[in-house]
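One file, input06.cif, is given below (mmCIF, C-alpha atoms).
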data_data
#
loop_
_atom_site.label_atom_id
_atom_site.label_comp_id
_atom_site.auth_asym_id
_atom_site.auth_seq_id
_atom_site.Cartn_x
_atom_site.Cartn_y
_atom_site.Cartn_z
CA LYS A 1 43.01 5.47 2.45
CA GLU A 2 39.83 3.73 1.32
CA ALA A 3 37.12 5.78 -0.35
CA ALA A 4 33.88 5.94 1.57
CA GLU A 5 31.18 3.76 0.07
CA GLU A 6 28.08 5.69 -0.90
CA LEU A 7 24.95 4.07 0.44
CA PRO A 8 21.97 3.85 -1.90
CA THR A 9 19.20 6.39 -1.43
CA ASN A 10 15.92 7.11 -3.18
CA GLU A 11 17.68 9.94 -5.02
CA ASN A 12 20.65 7.95 -6.34
CA ASP A 13 19.30 4.42 -6.80
CA ASP A 14 16.26 3.76 -8.99
CA GLU A 15 16.30 0.07 -8.07
CA LEU A 16 16.04 0.84 -4.34
CA LEU A 17 13.16 3.21 -5.06
CA ARG A 18 11.35 0.50 -7.08
CA ILE A 19 11.92 -2.05 -4.30
CA ARG A 20 10.48 0.31 -1.68
CA HIS A 21 7.54 1.23 -3.90
CA SER A 22 6.78 -2.42 -4.69
CA SER A 23 7.17 -3.39 -1.03
CA ALA A 24 4.57 -0.80 -0.07
CA HIS A 25 2.16 -2.36 -2.57
CA VAL A 26 2.87 -5.85 -1.19
CA MET A 27 2.16 -4.60 2.33
CA ALA A 28 -1.10 -2.98 1.23
CA MET A 29 -2.15 -6.21 -0.47
CA ALA A 30 -1.27 -8.21 2.65
CA VAL A 31 -3.21 -5.89 4.95
CA GLN A 32 -6.29 -6.03 2.74
CA GLN A 33 -6.10 -9.82 2.40
CA THR A 34 -5.79 -10.17 6.18
CA PHE A 35 -8.31 -7.43 7.01
CA PRO A 36 -10.74 -7.03 4.08
CA GLU A 37 -12.39 -3.99 5.68
CA ALA A 38 -9.11 -2.03 5.61
CA GLN A 39 -8.97 0.91 3.23
CA VAL A 40 -5.63 2.14 1.92
CA THR A 41 -5.11 5.85 2.53
CA ILE A 42 -1.63 7.10 1.62
CA GLY A 43 1.69 5.36 1.65
CA PRO A 44 4.73 6.52 -0.21
CA TRP A 45 8.32 5.39 -0.05
CA ILE A 46 10.39 7.44 2.38
CA ASP A 47 14.13 7.96 2.98
CA ASN A 48 14.52 4.83 5.10
CA GLY A 49 11.81 2.54 3.72
CA PHE A 50 8.10 2.85 3.08
CA TYR A 51 4.78 3.03 4.89
CA TYR A 52 1.06 2.96 4.37
CA ASP A 53 -1.70 4.42 6.47
CA PHE A 54 -4.89 2.39 6.63
CA TYR A 55 -8.40 3.26 7.70
CA PHE A 56 -10.51 0.64 9.43
CA PRO A 57 -14.13 1.79 9.23
CA GLU A 58 -16.76 0.70 11.69
CA THR A 59 -18.22 -2.57 10.41
CA THR A 60 -20.84 -5.11 11.39
CA ASP A 61 -20.03 -8.73 12.19
CA ALA A 62 -21.86 -10.80 9.56
CA GLU A 63 -22.60 -13.66 11.98
CA THR A 64 -23.57 -11.79 15.14
CA GLY A 65 -24.73 -8.45 13.79
CA GLU A 66 -22.53 -6.75 16.39
CA THR A 67 -20.94 -3.42 15.54
CA ILE A 68 -17.16 -3.61 15.28
CA PRO A 69 -15.70 -0.17 15.99
CA SER A 70 -13.03 1.52 13.92
CA ARG A 71 -9.59 0.48 15.11
CA LYS A 72 -5.83 0.55 14.58
CA LEU A 73 -3.46 -2.30 13.80
CA THR A 74 -1.93 -4.01 16.83
CA GLU A 75 1.39 -5.83 17.22
CA PRO A 76 -0.30 -9.25 16.73
CA ASP A 77 -2.00 -7.82 13.60
CA LEU A 78 1.38 -6.74 12.23
CA LYS A 79 2.72 -10.28 12.69
CA LYS A 80 -0.22 -11.58 10.62
CA VAL A 81 0.49 -8.95 7.96
CA LYS A 82 4.17 -9.97 7.85
CA LYS A 83 3.19 -13.62 7.33
CA SER A 84 0.81 -12.59 4.57
CA MET A 85 3.54 -10.49 2.93
CA ASP A 86 5.90 -13.48 3.01
CA LYS A 87 3.24 -15.63 1.30
CA ILE A 88 2.61 -12.99 -1.38
CA ILE A 89 6.34 -12.62 -2.05
CA GLY A 90 6.71 -16.40 -2.14
CA LYS A 91 4.17 -16.58 -4.98
CA ASN A 92 6.58 -14.55 -7.11
CA TYR A 93 3.86 -12.53 -8.83
CA PRO A 94 5.08 -10.48 -11.78
CA ILE A 95 5.57 -6.81 -10.97
CA THR A 96 4.57 -4.46 -13.74
CA MET A 97 4.03 -0.76 -14.11
CA GLU A 98 1.16 0.45 -16.22
CA GLU A 99 0.30 4.03 -17.08
CA VAL A 100 -3.37 4.68 -17.73
CA SER A 101 -5.47 7.75 -18.36
CA ARG A 102 -7.03 9.66 -15.49
CA GLU A 103 -10.45 8.33 -16.54
CA GLU A 104 -9.24 4.72 -16.53
CA ALA A 105 -7.53 5.19 -13.16
CA LYS A 106 -10.73 6.67 -11.73
CA ARG A 107 -12.78 3.77 -13.11
CA ARG A 108 -10.43 1.20 -11.57
CA ILE A 109 -10.31 2.94 -8.20
CA GLU A 110 -14.10 3.25 -8.06
CA GLU A 111 -14.41 -0.43 -9.03
CA ILE A 112 -12.36 -1.54 -6.01
CA GLY A 113 -14.04 0.93 -3.63
CA GLU A 114 -11.01 2.93 -2.49
CA PRO A 115 -12.26 6.45 -1.63
CA PHE A 116 -8.91 7.68 -0.32
CA LYS A 117 -7.14 6.73 -3.55
CA LEU A 118 -9.85 8.62 -5.43
CA GLU A 119 -9.11 11.71 -3.31
CA ILE A 120 -5.42 11.42 -4.16
CA LEU A 121 -6.19 11.06 -7.87
CA ASP A 122 -8.47 14.11 -7.74
CA SER A 123 -5.68 16.13 -6.10
CA ILE A 124 -3.27 15.41 -8.98
CA LYS A 125 -3.58 18.26 -11.42
CA THR A 126 -1.53 16.95 -14.36
CA GLU A 127 -1.57 13.82 -16.47
CA PRO A 128 1.49 11.53 -16.10
#
Kindly present the structure from the file in structure tokens form.
Amino acid sequence: KEAAEELPTNENDDELLRIRHSSAHVMAMAVQQTFPEAQVTIGPWIDNGFYYDFYFPETTDAETGETIPSRKLTEPDLKKVKKSMDKIIGKNYPITMEEVSREEAKRRIEEIGEPFKLEILDSIKTEP
């Protein structure tokens, strides 16, 4: 009788966890390249993959001055994001992990204008 093969999970496979974590970052980068007004909210890896929530604030069209209401991603938007992800992956950027102090993290987050990330940082009570 053959032994059952154990499938990788976040708990038993660090490489799978890194892939999911990195994939979430690639998706966030792709969304923000495709839709510059998008703000990243929260997006961890989960048991069967990863996700990110995004906030699309009300904006003003630079050419027409028209108000563009807050919105959600649509199926056609997701296809654009997928293409952008493929391009990012194709560039083979190096993936690195860097630990920084809380103050440095706060400075970087403020510099890129990500209020939701700042909320998450503020909710973390201990240093890494």
Assuming the chain letters and numbering stay as they are in my file, what does the PyMOL selection byres ((chain A and resi 13-30) around 10) actually select? List them as an mmCIF file with C-alpha atoms, keeping the file's coordinate frame.
data_model
loop_
_atom_site.group_PDB
_atom_site.id
_atom_site.type_symbol
_atom_site.label_atom_id
_atom_site.label_comp_id
_atom_site.auth_asym_id
_atom_site.auth_seq_id
_atom_site.Cartn_x
_atom_site.Cartn_y
_atom_site.Cartn_z
ATOM 1 C CA LEU A 7 24.950 4.070 0.440
ATOM 2 C CA PRO A 8 21.970 3.850 -1.900
ATOM 3 C CA THR A 9 19.200 6.390 -1.430
ATOM 4 C CA ASN A 10 15.920 7.110 -3.180
ATOM 5 C CA GLU A 11 17.680 9.940 -5.020
ATOM 6 C CA ASN A 12 20.650 7.950 -6.340
ATOM 7 C CA VAL A 31 -3.210 -5.890 4.950
ATOM 8 C CA GLN A 32 -6.290 -6.030 2.740
ATOM 9 C CA GLN A 33 -6.100 -9.820 2.400
ATOM 10 C CA THR A 34 -5.790 -10.170 6.180
ATOM 11 C CA PHE A 35 -8.310 -7.430 7.010
ATOM 12 C CA PRO A 36 -10.740 -7.030 4.080
ATOM 13 C CA ALA A 38 -9.110 -2.030 5.610
ATOM 14 C CA GLN A 39 -8.970 0.910 3.230
ATOM 15 C CA VAL A 40 -5.630 2.140 1.920
ATOM 16 C CA THR A 41 -5.110 5.850 2.530
ATOM 17 C CA GLY A 43 1.690 5.360 1.650
ATOM 18 C CA PRO A 44 4.730 6.520 -0.210
ATOM 19 C CA TRP A 45 8.320 5.390 -0.050
ATOM 20 C CA ILE A 46 10.390 7.440 2.380
ATOM 21 C CA ASP A 47 14.130 7.960 2.980
ATOM 22 C CA ASN A 48 14.520 4.830 5.100
ATOM 23 C CA GLY A 49 11.810 2.540 3.720
ATOM 24 C CA PHE A 50 8.100 2.850 3.080
ATOM 25 C CA TYR A 51 4.780 3.030 4.890
ATOM 26 C CA TYR A 52 1.060 2.960 4.370
ATOM 27 C CA ASP A 53 -1.700 4.420 6.470
ATOM 28 C CA PHE A 54 -4.890 2.390 6.630
ATOM 29 C CA LYS A 80 -0.220 -11.580 10.620
ATOM 30 C CA VAL A 81 0.490 -8.950 7.960
ATOM 31 C CA LYS A 82 4.170 -9.970 7.850
ATOM 32 C CA LYS A 83 3.190 -13.620 7.330
ATOM 33 C CA SER A 84 0.810 -12.590 4.570
ATOM 34 C CA MET A 85 3.540 -10.490 2.930
ATOM 35 C CA ASP A 86 5.900 -13.480 3.010
ATOM 36 C CA LYS A 87 3.240 -15.630 1.300
ATOM 37 C CA ILE A 88 2.610 -12.990 -1.380
ATOM 38 C CA ILE A 89 6.340 -12.620 -2.050
ATOM 39 C CA ILE A 95 5.570 -6.810 -10.970
ATOM 40 C CA THR A 96 4.570 -4.460 -13.740
ATOM 41 C CA MET A 97 4.030 -0.760 -14.110
#
Selected residue, from A:Ala4, A:Val100, A:Ala105, A:Ile112, that lies nearest to A:Glu37 when counting only C-alpha atoms
A:Ile112
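Once A:Pro115 and its same-chain neighbours fewer than 4 positions away are set aside, A:Ala38, A:Gln39, A:Val40, A:Thr41, A:Ile42, A:Phe54, A:Tyr55, A:Pro57, A:Lys106, A:Arg107, A:Arg108, A:Ile109, A:Glu110, A:Glu111, A:Glu119, A:Ile120, A:Leu121, A:Asp122 remain within 12 Å of it when counting only C-alpha atoms.
Across the model, the gap from atom CA of A:Lys79 to atom CA of A:Lys91 is 18.8 Å.
Interatomic distance, atom CA of A:Asn92 against atom CA of A:Glu104: 26.7 Å.
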Can you tell me how far atom CA of A:Asp77 sits from atom CA of A:Gly65, in Å to one decimal?
22.7 Å
Can you list, as a PyMOL selection string, the residues that the PyMOL selection byres ((chain A and resi 71) around 9) selects here?
chain A and resi 55-58+68-70+72-73
